[in-house]
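Dropping my_file.cif in here (mmCIF, N, CA and C atoms):
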data_my_file
#
loop_
_atom_site.label_atom_id
_atom_site.label_comp_id
_atom_site.auth_asym_id
_atom_site.auth_seq_id
_atom_site.Cartn_x
_atom_site.Cartn_y
_atom_site.Cartn_z
N MET A 1 -29.66 31.04 3.57
CA MET A 1 -28.95 31.58 2.43
C MET A 1 -27.57 30.94 2.36
N ALA A 2 -27.18 30.58 1.16
CA ALA A 2 -25.85 30.04 0.91
C ALA A 2 -25.20 30.91 -0.15
N GLY A 3 -24.14 31.60 0.22
CA GLY A 3 -23.56 32.54 -0.73
C GLY A 3 -24.57 33.63 -1.03
N GLU A 4 -24.86 33.84 -2.30
CA GLU A 4 -25.83 34.85 -2.71
C GLU A 4 -27.17 34.23 -3.08
N ALA A 5 -27.27 32.91 -2.96
CA ALA A 5 -28.50 32.21 -3.34
C ALA A 5 -29.51 32.21 -2.21
N SER A 6 -30.77 32.22 -2.59
CA SER A 6 -31.82 32.06 -1.59
C SER A 6 -32.92 31.20 -2.21
N ILE A 7 -33.62 30.47 -1.36
CA ILE A 7 -34.67 29.56 -1.80
C ILE A 7 -35.92 29.85 -0.99
N ILE A 8 -37.04 29.96 -1.68
CA ILE A 8 -38.33 30.11 -1.00
C ILE A 8 -38.81 28.70 -0.68
N LEU A 9 -39.13 28.44 0.57
CA LEU A 9 -39.56 27.12 1.00
C LEU A 9 -41.04 27.10 1.34
N ASP A 10 -41.70 26.02 0.98
CA ASP A 10 -43.10 25.80 1.33
C ASP A 10 -43.13 25.01 2.63
N THR A 11 -43.27 25.72 3.73
CA THR A 11 -43.28 25.05 5.03
C THR A 11 -44.60 25.22 5.78
N GLY A 12 -45.51 26.01 5.24
CA GLY A 12 -46.79 26.27 5.90
C GLY A 12 -47.82 25.20 5.58
N MET A 13 -48.81 25.08 6.42
CA MET A 13 -49.87 24.09 6.24
C MET A 13 -50.72 24.37 5.01
N ALA A 14 -50.86 25.64 4.63
CA ALA A 14 -51.67 26.00 3.46
C ALA A 14 -50.98 25.68 2.14
N GLY A 15 -49.66 25.54 2.16
CA GLY A 15 -48.91 25.28 0.94
C GLY A 15 -48.65 26.56 0.16
N ARG A 16 -47.63 26.50 -0.69
CA ARG A 16 -47.27 27.65 -1.52
C ARG A 16 -47.00 27.15 -2.93
N PRO A 17 -47.74 27.64 -3.91
CA PRO A 17 -47.51 27.20 -5.28
C PRO A 17 -46.19 27.71 -5.87
N ASP A 18 -45.57 28.72 -5.24
CA ASP A 18 -44.33 29.30 -5.75
C ASP A 18 -43.09 28.75 -5.05
N ALA A 19 -43.25 27.66 -4.29
CA ALA A 19 -42.13 27.15 -3.50
C ALA A 19 -42.14 25.63 -3.45
N LEU A 20 -40.97 25.07 -3.12
CA LEU A 20 -40.84 23.62 -2.97
C LEU A 20 -41.06 23.24 -1.52
N ASN A 21 -41.81 22.15 -1.29
CA ASN A 21 -41.92 21.62 0.07
C ASN A 21 -40.66 20.79 0.35
N PRO A 22 -40.44 20.36 1.59
CA PRO A 22 -39.21 19.64 1.90
C PRO A 22 -38.98 18.38 1.05
N ALA A 23 -40.03 17.60 0.78
CA ALA A 23 -39.86 16.39 -0.04
C ALA A 23 -39.47 16.76 -1.47
N GLU A 24 -40.10 17.79 -2.02
CA GLU A 24 -39.75 18.24 -3.37
C GLU A 24 -38.32 18.79 -3.42
N LEU A 25 -37.91 19.45 -2.36
CA LEU A 25 -36.56 19.98 -2.28
C LEU A 25 -35.54 18.84 -2.26
N LEU A 26 -35.85 17.76 -1.55
CA LEU A 26 -34.98 16.59 -1.54
C LEU A 26 -34.84 16.01 -2.95
N LEU A 27 -35.97 15.86 -3.66
CA LEU A 27 -35.93 15.34 -5.03
C LEU A 27 -35.18 16.29 -5.96
N ALA A 28 -35.38 17.59 -5.78
CA ALA A 28 -34.66 18.57 -6.61
C ALA A 28 -33.16 18.49 -6.36
N SER A 29 -32.75 18.24 -5.12
CA SER A 29 -31.33 18.07 -4.81
C SER A 29 -30.74 16.87 -5.53
N LEU A 30 -31.50 15.79 -5.56
CA LEU A 30 -31.03 14.60 -6.27
C LEU A 30 -30.90 14.88 -7.76
N ALA A 31 -31.89 15.54 -8.35
CA ALA A 31 -31.83 15.87 -9.78
C ALA A 31 -30.62 16.75 -10.07
N ALA A 32 -30.40 17.77 -9.25
CA ALA A 32 -29.25 18.65 -9.45
C ALA A 32 -27.94 17.90 -9.33
N CYS A 33 -27.87 16.98 -8.38
CA CYS A 33 -26.67 16.16 -8.19
C CYS A 33 -26.38 15.33 -9.43
N MET A 34 -27.41 14.73 -10.01
CA MET A 34 -27.22 13.89 -11.18
C MET A 34 -26.82 14.73 -12.40
N ILE A 35 -27.43 15.89 -12.57
CA ILE A 35 -27.06 16.76 -13.69
C ILE A 35 -25.63 17.25 -13.53
N LYS A 36 -25.29 17.69 -12.33
CA LYS A 36 -23.92 18.15 -12.09
C LYS A 36 -22.92 17.03 -12.30
N GLY A 37 -23.26 15.83 -11.86
CA GLY A 37 -22.38 14.68 -12.05
C GLY A 37 -22.15 14.39 -13.52
N ALA A 38 -23.21 14.46 -14.31
CA ALA A 38 -23.08 14.22 -15.75
C ALA A 38 -22.21 15.29 -16.39
N GLU A 39 -22.42 16.54 -16.01
CA GLU A 39 -21.63 17.63 -16.57
C GLU A 39 -20.16 17.53 -16.17
N ARG A 40 -19.91 17.00 -14.99
CA ARG A 40 -18.53 16.86 -14.51
C ARG A 40 -17.82 15.69 -15.17
N VAL A 41 -18.50 14.57 -15.31
CA VAL A 41 -17.84 13.36 -15.82
C VAL A 41 -17.77 13.31 -17.34
N ALA A 42 -18.71 13.95 -18.03
CA ALA A 42 -18.74 13.88 -19.50
C ALA A 42 -17.40 14.27 -20.15
N PRO A 43 -16.78 15.38 -19.76
CA PRO A 43 -15.49 15.71 -20.37
C PRO A 43 -14.38 14.70 -20.03
N MET A 44 -14.44 14.13 -18.84
CA MET A 44 -13.40 13.17 -18.43
C MET A 44 -13.45 11.90 -19.25
N ILE A 45 -14.67 11.46 -19.62
CA ILE A 45 -14.78 10.24 -20.42
C ILE A 45 -15.03 10.56 -21.90
N LYS A 46 -14.87 11.84 -22.24
CA LYS A 46 -15.05 12.32 -23.62
C LYS A 46 -16.41 11.89 -24.18
N PHE A 47 -17.44 12.19 -23.40
CA PHE A 47 -18.82 11.83 -23.73
C PHE A 47 -19.51 13.03 -24.36
N ASP A 48 -20.12 12.85 -25.51
CA ASP A 48 -20.83 13.92 -26.20
C ASP A 48 -22.22 14.09 -25.58
N LEU A 49 -22.32 14.96 -24.59
CA LEU A 49 -23.57 15.21 -23.86
C LEU A 49 -24.14 16.53 -24.33
N ARG A 50 -25.27 16.46 -25.03
CA ARG A 50 -25.92 17.67 -25.53
C ARG A 50 -27.06 18.11 -24.63
N GLY A 51 -27.55 17.21 -23.80
CA GLY A 51 -28.63 17.55 -22.89
C GLY A 51 -28.98 16.38 -22.01
N LEU A 52 -29.59 16.66 -20.87
CA LEU A 52 -29.98 15.63 -19.92
C LEU A 52 -31.26 16.07 -19.21
N GLU A 53 -32.23 15.17 -19.19
CA GLU A 53 -33.47 15.41 -18.46
C GLU A 53 -33.55 14.38 -17.33
N VAL A 54 -34.04 14.81 -16.18
CA VAL A 54 -34.19 13.94 -15.03
C VAL A 54 -35.65 13.95 -14.60
N SER A 55 -36.25 12.77 -14.50
CA SER A 55 -37.60 12.61 -13.95
C SER A 55 -37.49 11.78 -12.68
N LEU A 56 -38.16 12.21 -11.63
CA LEU A 56 -38.07 11.54 -10.32
C LEU A 56 -39.45 11.24 -9.77
N HIS A 57 -39.52 10.16 -9.01
CA HIS A 57 -40.74 9.84 -8.28
C HIS A 57 -40.35 9.35 -6.90
N GLY A 58 -40.85 10.02 -5.88
CA GLY A 58 -40.58 9.61 -4.51
C GLY A 58 -41.77 8.86 -3.93
N GLN A 59 -41.48 7.75 -3.26
CA GLN A 59 -42.52 7.00 -2.55
C GLN A 59 -42.42 7.36 -1.08
N ARG A 60 -43.47 8.01 -0.58
CA ARG A 60 -43.47 8.54 0.78
C ARG A 60 -44.39 7.73 1.68
N GLN A 61 -43.99 7.60 2.91
CA GLN A 61 -44.81 6.96 3.95
C GLN A 61 -45.31 8.07 4.86
N ASP A 62 -46.58 7.98 5.29
CA ASP A 62 -47.15 9.04 6.13
C ASP A 62 -46.80 8.90 7.61
N SER A 63 -46.85 7.68 8.15
CA SER A 63 -46.64 7.53 9.58
C SER A 63 -45.74 6.34 9.89
N PRO A 64 -44.56 6.56 10.42
CA PRO A 64 -43.93 7.87 10.57
C PRO A 64 -43.54 8.42 9.21
N ALA A 65 -43.54 9.73 9.10
CA ALA A 65 -43.27 10.38 7.82
C ALA A 65 -41.82 10.13 7.39
N LYS A 66 -41.69 9.57 6.20
CA LYS A 66 -40.35 9.36 5.64
C LYS A 66 -40.47 8.99 4.17
N MET A 67 -39.37 9.15 3.47
CA MET A 67 -39.29 8.75 2.08
C MET A 67 -38.80 7.31 2.07
N LEU A 68 -39.56 6.43 1.40
CA LEU A 68 -39.20 5.00 1.36
C LEU A 68 -38.32 4.66 0.17
N ALA A 69 -38.62 5.27 -0.96
CA ALA A 69 -37.89 4.93 -2.18
C ALA A 69 -37.98 6.10 -3.17
N ILE A 70 -36.97 6.17 -4.03
CA ILE A 70 -36.97 7.14 -5.12
C ILE A 70 -36.59 6.40 -6.39
N THR A 71 -37.39 6.57 -7.42
CA THR A 71 -37.03 6.05 -8.73
C THR A 71 -36.81 7.24 -9.65
N TYR A 72 -35.93 7.04 -10.63
CA TYR A 72 -35.62 8.12 -11.56
C TYR A 72 -35.46 7.58 -12.97
N GLU A 73 -35.58 8.49 -13.93
CA GLU A 73 -35.26 8.19 -15.32
C GLU A 73 -34.41 9.35 -15.83
N LEU A 74 -33.25 8.99 -16.39
CA LEU A 74 -32.38 9.96 -17.03
C LEU A 74 -32.56 9.81 -18.53
N VAL A 75 -32.79 10.91 -19.22
CA VAL A 75 -32.94 10.90 -20.67
C VAL A 75 -31.81 11.75 -21.24
N VAL A 76 -30.93 11.10 -22.00
CA VAL A 76 -29.72 11.74 -22.49
C VAL A 76 -29.85 12.07 -23.97
N ASP A 77 -29.53 13.29 -24.32
CA ASP A 77 -29.48 13.71 -25.72
C ASP A 77 -28.04 13.52 -26.19
N THR A 78 -27.82 12.45 -26.97
CA THR A 78 -26.48 12.10 -27.42
C THR A 78 -26.55 11.13 -28.59
N PHE A 79 -25.45 11.03 -29.31
CA PHE A 79 -25.31 10.01 -30.34
C PHE A 79 -24.39 8.89 -29.86
N GLU A 80 -23.98 8.91 -28.61
CA GLU A 80 -23.09 7.89 -28.05
C GLU A 80 -23.77 6.51 -28.08
N THR A 81 -22.96 5.46 -27.99
CA THR A 81 -23.48 4.09 -27.99
C THR A 81 -24.18 3.79 -26.68
N ASP A 82 -24.99 2.73 -26.67
CA ASP A 82 -25.67 2.31 -25.45
C ASP A 82 -24.67 1.99 -24.35
N GLU A 83 -23.55 1.38 -24.71
CA GLU A 83 -22.52 1.05 -23.71
C GLU A 83 -21.96 2.32 -23.07
N ARG A 84 -21.73 3.35 -23.87
CA ARG A 84 -21.19 4.61 -23.35
C ARG A 84 -22.25 5.32 -22.49
N ILE A 85 -23.51 5.19 -22.86
CA ILE A 85 -24.58 5.77 -22.04
C ILE A 85 -24.61 5.09 -20.68
N GLU A 86 -24.45 3.79 -20.65
CA GLU A 86 -24.40 3.06 -19.37
C GLU A 86 -23.18 3.46 -18.55
N LEU A 87 -22.05 3.72 -19.22
CA LEU A 87 -20.85 4.19 -18.53
C LEU A 87 -21.12 5.54 -17.87
N LEU A 88 -21.79 6.42 -18.58
CA LEU A 88 -22.15 7.71 -17.99
C LEU A 88 -23.03 7.50 -16.76
N HIS A 89 -24.03 6.63 -16.88
CA HIS A 89 -24.94 6.34 -15.76
C HIS A 89 -24.16 5.82 -14.55
N LYS A 90 -23.27 4.88 -14.79
CA LYS A 90 -22.46 4.30 -13.71
C LYS A 90 -21.66 5.39 -12.99
N ASN A 91 -21.09 6.30 -13.75
CA ASN A 91 -20.29 7.37 -13.15
C ASN A 91 -21.15 8.39 -12.42
N ILE A 92 -22.33 8.68 -12.95
CA ILE A 92 -23.24 9.60 -12.26
C ILE A 92 -23.58 9.03 -10.88
N ARG A 93 -23.88 7.74 -10.82
CA ARG A 93 -24.24 7.09 -9.55
C ARG A 93 -23.04 6.95 -8.62
N LYS A 94 -21.88 6.68 -9.17
CA LYS A 94 -20.70 6.41 -8.35
C LYS A 94 -20.19 7.66 -7.63
N TYR A 95 -20.26 8.81 -8.26
CA TYR A 95 -19.60 10.00 -7.73
C TYR A 95 -20.55 11.07 -7.19
N GLY A 96 -21.84 10.79 -7.10
CA GLY A 96 -22.79 11.80 -6.64
C GLY A 96 -22.94 11.83 -5.13
N THR A 97 -22.66 12.96 -4.53
CA THR A 97 -22.78 13.10 -3.08
C THR A 97 -24.21 12.84 -2.61
N ILE A 98 -25.18 13.47 -3.23
CA ILE A 98 -26.57 13.31 -2.81
C ILE A 98 -27.07 11.92 -3.16
N SER A 99 -26.76 11.43 -4.36
CA SER A 99 -27.24 10.09 -4.75
C SER A 99 -26.63 9.01 -3.85
N ASN A 100 -25.36 9.13 -3.49
CA ASN A 100 -24.75 8.15 -2.59
C ASN A 100 -25.35 8.21 -1.19
N THR A 101 -25.63 9.42 -0.72
CA THR A 101 -26.24 9.58 0.61
C THR A 101 -27.63 8.96 0.63
N LEU A 102 -28.44 9.26 -0.38
CA LEU A 102 -29.79 8.72 -0.43
C LEU A 102 -29.79 7.21 -0.65
N ASP A 103 -28.86 6.72 -1.45
CA ASP A 103 -28.77 5.29 -1.71
C ASP A 103 -28.52 4.50 -0.42
N ALA A 104 -27.80 5.11 0.52
CA ALA A 104 -27.54 4.46 1.80
C ALA A 104 -28.74 4.51 2.74
N ALA A 105 -29.69 5.41 2.46
CA ALA A 105 -30.82 5.62 3.37
C ALA A 105 -32.14 5.04 2.89
N LEU A 106 -32.27 4.82 1.59
CA LEU A 106 -33.53 4.33 1.05
C LEU A 106 -33.26 3.59 -0.26
N GLU A 107 -34.31 3.05 -0.84
CA GLU A 107 -34.16 2.36 -2.12
C GLU A 107 -34.11 3.41 -3.24
N LEU A 108 -32.97 3.50 -3.90
CA LEU A 108 -32.76 4.44 -5.00
C LEU A 108 -32.47 3.63 -6.25
N SER A 109 -33.35 3.75 -7.24
CA SER A 109 -33.15 2.98 -8.47
C SER A 109 -33.61 3.80 -9.66
N GLY A 110 -33.03 3.49 -10.81
CA GLY A 110 -33.43 4.23 -11.99
C GLY A 110 -32.79 3.71 -13.25
N THR A 111 -33.17 4.36 -14.32
CA THR A 111 -32.70 3.96 -15.64
C THR A 111 -32.18 5.17 -16.39
N ILE A 112 -31.45 4.88 -17.45
CA ILE A 112 -30.97 5.91 -18.35
C ILE A 112 -31.31 5.46 -19.76
N ARG A 113 -31.70 6.42 -20.59
CA ARG A 113 -32.02 6.08 -21.98
C ARG A 113 -31.70 7.26 -22.88
N ARG A 114 -31.59 6.96 -24.14
CA ARG A 114 -31.35 7.97 -25.16
C ARG A 114 -32.64 8.72 -25.45
N LYS A 115 -32.53 10.02 -25.66
CA LYS A 115 -33.69 10.82 -26.06
C LYS A 115 -34.13 10.37 -27.44
N SER A 116 -35.44 10.17 -27.60
CA SER A 116 -35.93 9.68 -28.90
C SER A 116 -36.21 10.80 -29.86
#
Here is the file; what I need is its structure written in the form of C-alpha cells.
Amino acid sequence: MAGEASIILDTGMAGRPDALNPAELLLASLAACMIKGAERVAPMIKFDLRGLEVSLHGQRQDSPAKMLAITYELVVDTFETDERIELLHKNIRKYGTISNTLDAALELSGTIRRKS
C-alpha cells in the first residue's frame, strides 16, 4: 500500500482476470509515466492537449525471464502542429522517471501521432 492506494496483483500460477501480473504492472507504470509527463509538460510549453492514449507492447524472454524491449504508440488529441507534437514527445521521454529507467535497461522505442 502506498498512501491510501492499493493494487490487486496477479501473482498466482492460476492467474487472476481482475489483476495485473508483474509484466503488465511494469507496462502500466510506463503508460502512467508518459501520461503524467504529458500532463506536466503541456502547460509549460503551452500545448493544447485534449487527450492522450498510450498503447504498449512488451517483448518478453522466457529463459532467463526478462523484458527485452518495449514499443509504444502515443495518440494525441490536439490541433497542434506536427513539430509541436514532436516537441511534446521529446519532453515526455526526457523527463519521465519510469521511461528513463526502462530506457537504460532495455530497448524502449515508440512513436507519437495525432488522433485521426
Take the PyMOL selection byres (((chain A and resi 108 and name CA) around 8) and name CA), apply it to the structure above, and return the hits as a PyMOL selection string.
chain A and resi 69-71+99+102-103+106-107+109-110
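This file, queried with the PyMOL selection byres (((chain A and resi 54 and name CA) around 6) and name CA), gives the residues Glu53, Ser55, Glu73 and Leu74 of chain A.
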Name the residues of chain A that come out as strand (DSSP E or B) in a backbone DSSP run; write them as a PyMOL selection string.
chain A and resi 2+5+9+20+51-61+66-77+107-114
So, counting only C-alpha atoms, which residue among A:Thr101, A:Thr81, A:Gln61, A:Ser6 is closest to Leu26 of chain A?
A:Thr101
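Running the PyMOL selection byres ((chain A and resi 115) around 6) on this file leaves Val75, Val76, Asp77, Thr78, Arg113, Arg114 and Ser116 of chain A selected.
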Arg93 of chain A surroundings by only N, CA and C atoms, 8 Å radius, close-in-sequence under 4 positions cut, as a PyMOL selection string:
chain A and resi 34+37-38+87-89+97+99-100
From the list A:Ser29, A:Gln59, A:Asn91, A:Asn21, which residue is nearest Leu9 of chain A when using only N, CA and C atoms?
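Closest residue, counting only N, CA and C atoms: A:Asn21.
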What's the separation between atom CA of Thr111 of chain A and atom CA of Glu80 of chain A, in Å to one decimal place?
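Atom CA of Glu80 of chain A lies at a distance of 16.2 Å from atom CA of Thr111 of chain A.
Across the structure, atom CA of Lys36 of chain A and atom CA of Lys90 of chain A are spaced 14.0 Å apart.
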Mind pulling up the distance from atom CA of Leu25 of chain A to atom CA of Arg50 of chain A?
25.7 Å
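Minimum atom-to-atom distance to Tyr72 of chain A, evaluated using all atoms listed in the file, belongs to A:Ile112 out of A:Leu52, A:Ala105, A:Ile92, A:Ile112.
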List every residue of segment 61-112 of chain A that DSSP, applied to the backbone, labels as helix (DSSP H, G or I), and write the result as JSON, numbers by chain.
{"A": [82, 83, 84, 85, 86, 87, 88, 89, 90, 91, 92, 93, 94, 95, 97, 98, 99, 100, 101, 102, 103, 104, 105]}
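If you measure from each of A:Ala31, A:Arg84, A:Gly15, A:Lys66 to Asp48 of chain A using only C-alpha atoms, the closest one turns out to be A:Arg84.
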Once 8 Å is added on each side, what centre and edge lengths in Å to one decimal does the axis-aligned box around all listed atoms of segment 3-18 of chain A have, as JSON?
{"center_x": -37.6, "center_y": 29.5, "center_z": 0.3, "size_x": 44.1, "size_y": 26.8, "size_z": 28.3}
